[in-house]
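As provided, protein-v1.txt (compact mmCIF, C-alpha atoms and all ligand atoms) reads as follows.
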```txt
# COMPACT_ATOMS: atom_id res chain seq x y z
CA MET W 679 0.00 0.00 0.00
CA MET W 680 1.06 3.54 -0.65
CA ILE W 681 -0.09 6.31 1.67
CA VAL W 682 -0.08 9.70 -0.03
CA MET W 683 0.03 12.53 2.54
CA LYS W 684 -1.67 15.90 2.04
CA PRO W 685 0.63 18.77 0.97
CA GLY W 686 0.05 20.39 4.38
CA ALA W 687 0.65 17.26 6.47
CA THR W 688 2.80 17.95 9.54
CA ASN W 689 5.79 15.94 10.73
CA GLU W 690 3.65 14.64 13.58
CA ASP W 691 1.04 13.39 11.06
CA ILE W 692 3.76 11.59 9.12
CA GLU W 693 5.38 10.07 12.20
CA SER W 694 2.03 8.96 13.50
CA VAL W 695 1.22 7.17 10.21
CA VAL W 696 4.63 5.48 10.27
CA GLU W 697 3.99 4.31 13.85
CA ARG W 698 0.57 2.92 12.93
CA ILE W 699 2.08 1.01 9.99
CA GLU W 700 4.84 -0.44 12.13
CA SER W 701 2.35 -1.33 14.87
CA CYS W 702 0.86 -4.03 12.62
CA GLY W 703 4.21 -5.56 11.76
CA ALA W 704 4.62 -3.84 8.37
CA ARG W 705 7.57 -1.70 7.33
CA ALA W 706 7.19 1.98 6.44
CA HIS W 707 9.24 3.43 3.62
CA LEU W 708 9.26 7.21 3.58
CA SER W 709 9.67 9.24 0.43
CA ARG W 710 9.68 13.02 0.96
CA GLY W 711 9.00 15.07 -2.16
CA ASP W 712 8.98 18.85 -2.59
CA GLU W 713 5.21 18.98 -2.32
CA VAL W 714 4.03 15.73 -0.82
CA THR W 715 5.31 12.84 1.22
CA VAL W 716 4.48 9.30 0.22
CA ILE W 717 4.76 6.44 2.68
CA GLY W 718 5.08 2.90 1.35
CA ALA W 719 3.68 0.23 3.68
CA ILE W 720 5.45 -3.06 3.04
CA GLY W 721 3.83 -6.07 4.64
CA ASP W 722 0.50 -7.89 4.86
CA ARG W 723 -1.93 -5.87 2.78
CA GLU W 724 -4.94 -6.89 4.84
CA HIS W 725 -3.31 -5.86 8.13
CA VAL W 726 -2.44 -2.47 6.71
CA GLN W 727 -5.92 -2.08 5.23
CA ARG W 728 -7.47 -2.74 8.65
CA LEU W 729 -5.65 0.26 10.11
CA GLY W 730 -8.11 2.51 8.24
CA LEU W 731 -5.42 5.04 7.39
CA GLU W 732 -7.77 6.88 5.01
CA GLY W 733 -9.23 8.74 7.97
CA HIS W 734 -5.91 9.55 9.64
CA ALA W 735 -4.82 13.17 10.08
CA GLY W 736 -2.78 14.43 7.12
CA VAL W 737 -3.58 11.47 4.84
CA GLN W 738 -4.86 12.28 1.36
CA GLN W 739 -5.19 8.85 -0.21
CA VAL W 740 -4.36 5.19 0.36
CA VAL W 741 -3.42 3.42 -2.88
CA PRO W 742 -3.00 -0.36 -3.15
CA ILE W 743 0.08 -1.24 -5.16
CA LEU W 744 0.03 -5.01 -4.97
CA ARG W 745 -2.73 -6.70 -6.96
CA PRO W 746 -5.51 -8.26 -4.88
CA TYR W 747 -5.07 -11.60 -6.65
CA LYS W 748 -1.91 -13.56 -5.96
CA LEU W 749 -2.12 -17.11 -7.31
CA SER W 750 -3.47 -16.01 -10.69
CA SER W 751 -0.95 -13.19 -10.95
CA ASN W 752 2.01 -13.32 -13.31
CA GLN W 753 4.26 -12.41 -10.41
CA PHE W 754 3.34 -15.71 -8.74
CA LYS W 755 5.06 -17.70 -11.49
CA SER W 756 7.79 -15.15 -12.26
CA GLY W 757 6.68 -14.83 -15.87
CA GLU W 758 6.39 -18.57 -16.57
CA ARG W 759 3.12 -19.50 -18.37
CA SER W 760 0.77 -22.22 -17.16
CA VAL W 761 0.21 -25.08 -19.59
CA ILE W 762 -2.79 -27.27 -18.80
CA GLU W 763 -2.85 -30.85 -20.03
CA ILE W 764 -6.16 -32.52 -20.78
CA ASP W 765 -6.03 -36.06 -22.09
CA GLY W 766 -2.93 -35.36 -24.17
CA ARG W 767 -4.07 -31.94 -25.39
CA ARG W 768 -2.11 -28.93 -24.17
CA ILE W 769 -3.50 -25.48 -23.55
CA GLY W 770 -1.22 -22.52 -23.03
CA GLY W 771 2.35 -21.66 -24.00
CA GLU W 772 2.80 -22.40 -27.68
CA HIS W 773 -0.21 -24.73 -27.78
CA PHE W 774 -3.49 -23.61 -29.36
CA SER W 775 -6.72 -25.36 -28.52
CA MET W 776 -9.92 -25.53 -30.57
CA ILE W 777 -12.99 -26.36 -28.50
CA ALA W 778 -16.03 -26.84 -30.71
CA GLY W 779 -19.57 -28.14 -30.45
CA PRO W 780 -23.18 -27.08 -30.13
CA CYS W 781 -24.50 -24.51 -27.72
CA THR W 782 -26.68 -27.12 -26.12
CA VAL W 783 -27.17 -30.86 -26.30
CA GLU W 784 -30.50 -31.36 -28.09
CA SER W 785 -30.59 -34.93 -29.37
CA ARG W 786 -28.38 -37.98 -29.90
CA ASP W 787 -28.23 -37.39 -33.62
CA GLN W 788 -27.34 -33.70 -33.26
CA VAL W 789 -24.57 -34.36 -30.72
CA LEU W 790 -22.97 -37.30 -32.49
CA THR W 791 -23.11 -35.70 -35.95
CA THR W 792 -21.42 -32.56 -34.59
CA ALA W 793 -18.86 -34.52 -32.59
CA ASP W 794 -17.93 -36.63 -35.64
CA ALA W 795 -17.53 -33.52 -37.80
CA VAL W 796 -15.35 -31.55 -35.39
CA ALA W 797 -13.26 -34.61 -34.49
CA ALA W 798 -12.61 -35.41 -38.17
CA ALA W 799 -11.52 -31.81 -38.78
CA GLY W 800 -9.02 -31.96 -35.89
CA ALA W 801 -10.71 -30.12 -33.00
CA SER W 802 -8.98 -30.41 -29.64
CA MET W 803 -12.11 -30.79 -27.47
CA PHE W 804 -15.89 -31.00 -27.72
CA ARG W 805 -18.26 -28.52 -26.07
CA GLY W 806 -21.99 -28.79 -25.35
CA GLY W 807 -24.25 -27.67 -22.54
CA ALA W 808 -26.51 -30.11 -20.70
CA TYR W 809 -27.47 -27.42 -18.16
CA LYS W 810 -28.15 -24.09 -19.84
CA PRO W 811 -28.29 -20.61 -18.28
CA ARG W 812 -31.21 -19.00 -20.15
CA SER W 813 -32.41 -15.44 -19.79
CA SER W 814 -36.01 -16.67 -19.60
CA PRO W 815 -37.21 -19.34 -17.19
CA TYR W 816 -39.67 -20.38 -19.93
CA SER W 817 -36.89 -21.22 -22.42
CA PHE W 818 -35.38 -24.69 -22.84
CA GLN W 819 -33.13 -25.29 -19.83
CA GLY W 820 -31.07 -28.17 -21.24
CA LEU W 821 -31.48 -31.95 -21.18
CA GLY W 822 -29.69 -32.28 -17.84
CA GLN W 823 -28.56 -35.84 -17.00
CA GLU W 824 -29.77 -37.16 -20.33
CA GLY W 825 -27.58 -34.55 -22.05
CA LEU W 826 -24.59 -35.67 -19.99
CA HIS W 827 -25.11 -39.26 -21.15
CA LEU W 828 -25.08 -38.10 -24.77
CA LEU W 829 -21.86 -36.17 -24.16
CA ALA W 830 -20.32 -39.31 -22.64
CA GLU W 831 -21.30 -41.20 -25.79
CA ALA W 832 -19.72 -38.52 -27.99
CA LYS W 833 -16.50 -38.78 -25.99
CA GLU W 834 -16.47 -42.57 -26.16
CA ARG W 835 -16.94 -42.42 -29.92
CA THR W 836 -14.52 -39.62 -30.86
CA GLY W 837 -12.04 -39.56 -27.97
CA LEU W 838 -12.57 -35.80 -27.65
CA PRO W 839 -12.42 -34.44 -24.09
CA ILE W 840 -15.70 -32.81 -23.01
CA VAL W 841 -16.24 -29.20 -21.94
CA THR W 842 -19.63 -28.66 -20.29
CA GLU W 843 -21.19 -26.12 -17.98
CA LEU W 844 -21.85 -26.58 -14.27
CA MET W 845 -24.47 -24.11 -13.05
CA ASP W 846 -25.41 -25.53 -9.68
CA ALA W 847 -23.03 -27.06 -7.14
CA ARG W 848 -25.71 -29.74 -6.50
CA ASP W 849 -24.98 -31.15 -9.98
CA VAL W 850 -21.24 -31.47 -9.44
CA GLU W 851 -21.19 -35.28 -9.16
CA PRO W 852 -22.87 -36.17 -12.46
CA ILE W 853 -20.88 -33.41 -14.19
CA LEU W 854 -17.61 -34.85 -12.86
CA GLU W 855 -18.44 -38.19 -14.47
CA VAL W 856 -18.39 -36.61 -17.93
CA ALA W 857 -16.62 -33.25 -17.92
CA ASP W 858 -12.91 -33.08 -18.65
CA VAL W 859 -13.27 -29.32 -18.34
CA ILE W 860 -15.98 -27.67 -16.26
CA GLN W 861 -17.34 -24.50 -17.84
CA VAL W 862 -18.40 -21.66 -15.56
CA GLY W 863 -20.83 -19.47 -17.47
CA ALA W 864 -20.59 -15.70 -17.67
CA ARG W 865 -23.61 -15.36 -15.39
CA ASN W 866 -21.96 -17.49 -12.73
CA MET W 867 -18.52 -15.90 -12.80
CA GLN W 868 -19.11 -14.35 -9.40
CA ASN W 869 -20.85 -17.35 -7.84
CA TYR W 870 -18.12 -17.79 -5.26
CA PRO W 871 -19.39 -20.97 -3.52
CA LEU W 872 -19.62 -22.62 -6.98
CA LEU W 873 -16.07 -21.56 -7.84
CA ALA W 874 -14.74 -22.86 -4.53
CA GLU W 875 -16.57 -26.17 -5.02
CA ILE W 876 -14.98 -26.55 -8.47
CA GLY W 877 -11.64 -25.66 -6.91
CA ARG W 878 -12.01 -28.59 -4.52
CA THR W 879 -12.71 -31.03 -7.38
CA GLY W 880 -9.32 -30.32 -8.97
CA ARG W 881 -10.93 -30.67 -12.42
CA PRO W 882 -9.79 -28.23 -15.14
CA VAL W 883 -12.12 -25.26 -15.39
CA LEU W 884 -12.88 -22.62 -18.01
CA ILE W 885 -14.21 -19.43 -16.41
CA LYS W 886 -16.13 -17.11 -18.67
CA ARG W 887 -15.86 -13.39 -18.06
CA GLY W 888 -19.05 -11.90 -16.64
CA LEU W 889 -21.15 -9.66 -18.87
CA SER W 890 -20.06 -6.56 -16.96
CA SER W 891 -16.95 -7.79 -15.21
CA THR W 892 -13.56 -6.18 -15.16
CA LEU W 893 -10.42 -8.22 -15.79
CA GLU W 894 -9.57 -7.85 -12.13
CA GLU W 895 -12.92 -9.40 -11.19
CA LEU W 896 -12.26 -12.25 -13.62
CA LEU W 897 -8.88 -12.87 -12.04
CA MET W 898 -10.43 -12.79 -8.57
CA ALA W 899 -12.89 -15.47 -9.76
CA ALA W 900 -9.91 -17.56 -10.90
CA GLU W 901 -8.34 -16.94 -7.51
CA TYR W 902 -11.30 -18.66 -5.78
CA VAL W 903 -10.55 -21.86 -7.74
CA LEU W 904 -6.78 -21.65 -7.37
CA LYS W 905 -7.03 -21.01 -3.64
CA GLU W 906 -8.65 -24.43 -3.18
CA GLY W 907 -5.58 -26.07 -4.71
CA ASN W 908 -6.83 -26.48 -8.28
CA PRO W 909 -4.20 -25.01 -10.65
CA ASN W 910 -6.05 -25.92 -13.86
CA VAL W 911 -7.81 -22.67 -14.64
CA MET W 912 -8.49 -21.14 -18.07
CA LEU W 913 -9.84 -17.63 -18.52
CA CYS W 914 -12.39 -16.95 -21.26
CA GLU W 915 -13.24 -13.65 -22.93
CA ARG W 916 -16.75 -13.88 -24.41
CA GLY W 917 -17.84 -10.28 -24.90
CA ILE W 918 -18.95 -7.60 -22.47
CA ARG W 919 -21.79 -5.07 -22.33
CA THR W 920 -20.86 -1.67 -23.69
CA PHE W 921 -22.81 1.35 -25.00
CA GLU W 922 -22.66 -0.12 -28.52
CA THR W 923 -26.03 -1.48 -29.61
CA ALA W 924 -25.08 -2.67 -33.12
CA TYR W 925 -24.14 -6.07 -31.70
CA ARG W 926 -25.04 -8.08 -28.61
CA PHE W 927 -21.75 -7.78 -26.76
CA THR W 928 -18.38 -6.21 -27.53
CA LEU W 929 -15.65 -8.82 -27.84
CA ASP W 930 -12.76 -7.38 -25.87
CA ILE W 931 -9.74 -8.39 -27.96
CA MET W 932 -7.53 -6.20 -25.79
CA ALA W 933 -8.31 -8.50 -22.87
CA ILE W 934 -6.05 -11.13 -24.48
CA PRO W 935 -2.68 -9.33 -24.24
CA MET W 936 -3.77 -7.61 -21.01
CA LEU W 937 -4.69 -10.85 -19.24
CA LYS W 938 -1.41 -12.32 -20.39
CA GLU W 939 0.43 -9.40 -18.88
CA LEU W 940 -1.46 -9.73 -15.60
CA SER W 941 -1.67 -13.51 -15.33
CA HIS W 942 0.06 -16.79 -16.20
CA LEU W 943 -3.25 -18.55 -16.94
CA PRO W 944 -4.27 -19.57 -20.49
CA VAL W 945 -6.70 -17.24 -22.26
CA ILE W 946 -9.49 -18.70 -24.42
CA VAL W 947 -11.83 -16.64 -26.60
CA ASP W 948 -15.49 -17.35 -27.41
CA PRO W 949 -16.25 -15.67 -30.78
CA SER W 950 -19.88 -16.90 -30.90
CA HIS W 951 -21.75 -15.16 -28.09
CA ALA W 952 -20.56 -11.58 -28.63
CA PRO W 953 -21.85 -11.07 -32.19
CA GLY W 954 -24.68 -13.61 -31.95
CA ARG W 955 -24.22 -13.95 -35.74
CA ARG W 956 -22.46 -16.64 -37.72
CA ASP W 957 -20.86 -14.31 -40.29
CA MET W 958 -18.77 -12.57 -37.62
CA VAL W 959 -17.47 -15.72 -36.00
CA LEU W 960 -14.57 -16.21 -38.44
CA PRO W 961 -13.20 -12.63 -38.37
CA LEU W 962 -13.40 -12.55 -34.56
CA SER W 963 -11.70 -15.94 -34.32
CA LEU W 964 -8.88 -14.79 -36.60
CA ALA W 965 -8.42 -11.62 -34.56
CA ALA W 966 -8.35 -13.58 -31.30
CA ALA W 967 -5.90 -16.18 -32.58
CA ALA W 968 -3.59 -13.57 -34.09
CA ALA W 969 -3.70 -11.57 -30.84
CA GLY W 970 -2.26 -14.56 -29.00
CA ALA W 971 -5.30 -16.36 -27.55
CA ASP W 972 -4.44 -19.86 -26.30
CA GLY W 973 -7.61 -21.26 -27.81
CA ILE W 974 -11.11 -20.73 -29.11
CA ILE W 975 -14.41 -22.11 -27.88
CA VAL W 976 -16.88 -21.97 -30.78
CA GLU W 977 -20.46 -23.10 -31.37
CA VAL W 978 -21.06 -25.58 -34.19
CA HIS W 979 -24.33 -27.23 -35.25
CA PRO W 980 -25.23 -29.59 -38.11
CA ASP W 981 -28.48 -27.71 -38.78
CA PRO W 982 -28.41 -24.33 -37.01
CA GLU W 983 -31.80 -23.28 -38.45
CA GLN W 984 -33.35 -25.98 -36.29
CA ALA W 985 -31.23 -25.30 -33.19
CA ILE W 986 -33.12 -24.86 -29.92
CA CYS W 987 -30.82 -22.06 -28.78
CA ASP W 988 -28.25 -19.71 -30.30
CA GLY W 989 -29.05 -20.94 -33.85
CA PRO W 990 -28.03 -17.75 -35.71
CA GLN W 991 -24.50 -17.79 -34.31
CA GLN W 992 -23.64 -21.48 -34.66
CA ILE W 993 -21.44 -22.28 -37.63
CA TYR W 994 -22.40 -25.19 -39.89
CA ALA W 995 -20.73 -28.48 -39.02
CA ASP W 996 -20.02 -28.83 -42.75
CA ASP W 997 -18.03 -25.58 -42.72
CA PHE W 998 -16.02 -26.39 -39.62
CA ALA W 999 -12.97 -27.97 -41.30
CA ALA W 1000 -12.42 -24.91 -43.52
CA TYR W 1001 -12.98 -22.60 -40.53
CA LEU W 1002 -10.40 -24.46 -38.42
CA GLU W 1003 -7.83 -24.34 -41.20
CA GLN W 1004 -8.05 -20.55 -41.33
CA VAL W 1005 -7.92 -20.15 -37.57
CA GLU W 1006 -4.85 -22.40 -37.42
CA ARG W 1007 -3.10 -20.04 -39.82
CA ALA W 1008 -3.91 -17.03 -37.63
CA ALA W 1009 -2.69 -18.91 -34.54
CA ALA W 1010 0.57 -19.62 -36.38
CA VAL W 1011 1.05 -15.86 -36.78
CA ALA W 1012 1.15 -15.70 -32.98
CA GLY W 1013 3.56 -18.66 -32.88
CA LYS W 1014 1.03 -21.28 -31.81
CA VAL W 1015 0.30 -24.77 -33.06
CA LEU W 1016 -3.01 -26.62 -32.76
CA SER W 1017 -3.00 -29.21 -30.01
CA ALA W 1018 -4.94 -32.38 -30.80
CA ALA W 1019 -4.63 -35.91 -29.42
CA ALA W 1020 -1.08 -36.95 -28.49
C1 LIG P 1101 -22.53 -20.89 -23.72
O1 LIG P 1101 -21.31 -21.12 -23.79
O2 LIG P 1101 -23.39 -21.51 -24.40
C2 LIG P 1101 -22.97 -19.77 -22.86
C3 LIG P 1101 -24.20 -19.72 -22.39
O3 LIG P 1101 -22.01 -18.86 -22.65
P1 LIG P 1101 -21.97 -17.55 -21.69
O4 LIG P 1101 -22.02 -18.06 -20.29
O5 LIG P 1101 -20.67 -16.92 -22.06
O6 LIG P 1101 -23.15 -16.70 -22.06
MN MN P 1102 -24.68 -20.63 -26.50
```

For the structure just supplied, provide its representation as structure tokens.
Ligand code: PEP
Ligand code: MN
Amino acid sequence: MMIVMKPGATNEDIESVVERIESCGARAHLSRGDEVTVIGAIGDREHVQRLGLEGHAGVQQVVPILRPYKLSSNQFKSGERSVIEIDGRRIGGEHFSMIAGPCTVESRDQVLTTADAVAAAGASMFRGGAYKPRSSPYSFQGLGQEGLHLLAEAKERTGLPIVTELMDARDVEPILEVADVIQVGARNMQNYPLLAEIGRTGRPVLIKRGLSSTLEELLMAAEYVLKEGNPNVMLCERGIRTFETAYRFTLDIMAIPMLKELSHLPVIVDPSHAPGRRDMVLPLSLAAAAAGADGIIVEVHPDPEQAICDGPQQIYADDFAAYLEQVERAAAVAGKVLSAAA
């Protein structure tokens, strides 16, 4: 923490702040400028925060200098990047991952047709929601357990690891039987008991950025999982709410290099949910891959016109191979190679 003193602060004010800092076991580092004095408090941030120095005589401002997240911070690994291994596929470092599949599991035919198509094209993992977070309680909520069984069948048949969403901690056991990666949806990014529960499972997790969340809030969400001893966390940019109304969400491409500066965790991009339109999925995927994303999670459907949810944004299963080829080229620009089965 940095304590900025008011220009008119007296020596007694300064000495008294130093004493308070030292009283909680922290060290005070004094820097006297021509106009203001700044006191650095070096020690446990929480102890210093509890002193309530904001209200102390002569204090203008208390500024935190250490980031509130530790385990997800780049400083924690001294610049080394985390590489997560899932059934022979690597995510992070120079490895690029393509996670593809339908928004939601609708039927056996739909799931298996999509899984076959993305597996044949060389996808790294298969996605599909059995439990769906829908804006309306009257919309289709997912097939639940039946959907999980279909995902298990797709995995058995193609060998692709499964990425599927956990919405409610009460469903953790059936999800663990199928999910190689647990997806935390944007709307659950700040569901802290859910994050802690996933942390305790140790299972790899992909955390989607909340609709209105800052990068710091996303990293704090990751911190909840990491704190429980689960190091296998991926961050996912999926578009945020802005003043722009021409599209559903604004895909924050800048989040990719910024998250990589702040954190050692892999960064995945979802190019489907921000535009909500199929024709923008390729350009956004190319931008994300070229900007250094560690992977893409994209929605694919064999017959999007008939899809129960997110039809307009799902790319055709028949077009997936050509799509992946182009994305691979963009990933190569950023020095990354597609990671498929070992
Ligand atoms: C999804 O991946 O289908 C989904 C609902 O995503 P988000 O949580 O980002 O809206
Ligand atoms: Mn969707």

Rows by chain and residue number, chain W within 9 Å of ligand LIG 1101 (chain P), shortest pair, only C-alpha atoms and all ligand atoms, as CSV:
```
residue,atom,partner,partner_atom,distance
W:Pro780,CA,P:LIG1101,O2,8.0
W:Cys781,CA,P:LIG1101,O2,4.6
W:Thr782,CA,P:LIG1101,O2,6.7
W:Arg805,CA,P:LIG1101,O1,8.3
W:Gly806,CA,P:LIG1101,O2,7.5
W:Gly807,CA,P:LIG1101,O2,6.5
W:Lys810,CA,P:LIG1101,C3,6.4
W:Pro811,CA,P:LIG1101,C3,5.9
W:Arg812,CA,P:LIG1101,C3,7.4
W:Thr842,CA,P:LIG1101,O1,8.5
W:Glu843,CA,P:LIG1101,O1,7.7
W:Gln861,CA,P:LIG1101,O1,7.9
W:Val862,CA,P:LIG1101,O4,7.0
W:Gly863,CA,P:LIG1101,O4,3.4
W:Ala864,CA,P:LIG1101,O4,3.8
W:Arg865,CA,P:LIG1101,O4,5.8
W:Asn866,CA,P:LIG1101,O4,7.6
W:Met867,CA,P:LIG1101,O4,8.5
W:Ile885,CA,P:LIG1101,O4,8.8
W:Lys886,CA,P:LIG1101,O5,5.7
W:Arg887,CA,P:LIG1101,O5,7.2
W:Gly888,CA,P:LIG1101,O5,7.6
W:Leu889,CA,P:LIG1101,O5,7.9
W:Cys914,CA,P:LIG1101,O5,8.3
W:Glu915,CA,P:LIG1101,O5,8.2
W:Arg916,CA,P:LIG1101,O5,5.5
W:Gly917,CA,P:LIG1101,O5,7.8
W:Asp948,CA,P:LIG1101,O5,7.5
W:Ser950,CA,P:LIG1101,O1,8.4
W:His951,CA,P:LIG1101,O5,6.4
W:Ala952,CA,P:LIG1101,O5,8.5
W:Ile975,CA,P:LIG1101,O1,8.1
W:Val976,CA,P:LIG1101,O1,8.3
W:Glu977,CA,P:LIG1101,O2,7.7
W:Cys987,CA,P:LIG1101,O2,8.6
W:Asp988,CA,P:LIG1101,O2,7.9
```

Which one is closest to ligand MN 1102 (chain P): W:Gln819, W:Ser941, W:Thr836, W:Ser891? Count all atoms listed in the file.
W:Gln819

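Residues with any atom within 8 Å of region 722-738 of chain W, counting all atoms listed in the file and excluding same-chain neighbours fewer than 3 positions away, are Met679, Ile681, Val682, Met683, Lys684, Gly686, Ala687, Thr688, Asp691, Ile692, Val695, Arg698, Ile699, Cys702, Ala704 and Ala719 of chain W.
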
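Here CA of Ile762 (chain W) is placed at a distance of 22.9 Å from CA of Ala965 (chain W).
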
Residues at most 7 Å from Ala1009 (chain W), counting only C-alpha atoms, excluding those fewer than 6 positions away in the same chain, as a ChimeraX atom specification?
/W:967-968,1015

Expected file contents, prior selection, C-alpha atoms, as a CSV table (one decimal), in the coordinates of the input:
```
chain,number,residue,atom,x,y,z
W,967,ALA,CA,-5.9,-16.2,-32.6
W,968,ALA,CA,-3.6,-13.6,-34.1
W,1015,VAL,CA,0.3,-24.8,-33.1
```

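Checking W:Ser813, W:Gln788, W:Asn752, W:Gln991 one by one against ligand MN 1102 (chain P), counting all atoms listed in the file, you find the shortest gap at W:Gln991.
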
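CA of Val959 (chain W) to CA of Ser817 (chain W) spans 24.3 Å [interatomic distance, one decimal].
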
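Using only C-alpha atoms and all ligand atoms, the nearest neighbour of ligand MN 1102 (chain P) within the list W:Phe754, W:Pro990, W:Ala847, W:Ser775 is W:Pro990.
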
Please measure the separation of CA of Met776 (chain W) and CA of Met936 (chain W), giving the value in Å to one decimal.
21.2 Å

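Across W:Asn689, W:Gln739, W:Gln992, W:Thr792, the tightest approach to ligand MN 1102 (chain P) is made by W:Gln992 when counting all atoms listed in the file.
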
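With only C-alpha atoms and all ligand atoms as the basis for measurement, W:Tyr809 is the residue among W:Leu826, W:Tyr809, W:Arg878, W:Leu744 that approaches ligand MN 1102 (chain P) most closely.
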
Axis-aligned box for all listed atoms of region 908-921 of chain W, 6 Å per side, centre and edges in Å to one decimal, as AutoDock Vina command-line options:
```
--center_x -13.5 --center_y -12.6 --center_z -16.6 --size_x 30.6 --size_y 39.8 --size_z 28.7
```

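Of the residues listed (W:Gly1013, W:Gly970, W:Pro980, W:Pro953), W:Pro953 shows the shortest atom-to-atom separation from ligand MN 1102 (chain P); distances use only C-alpha atoms and all ligand atoms.
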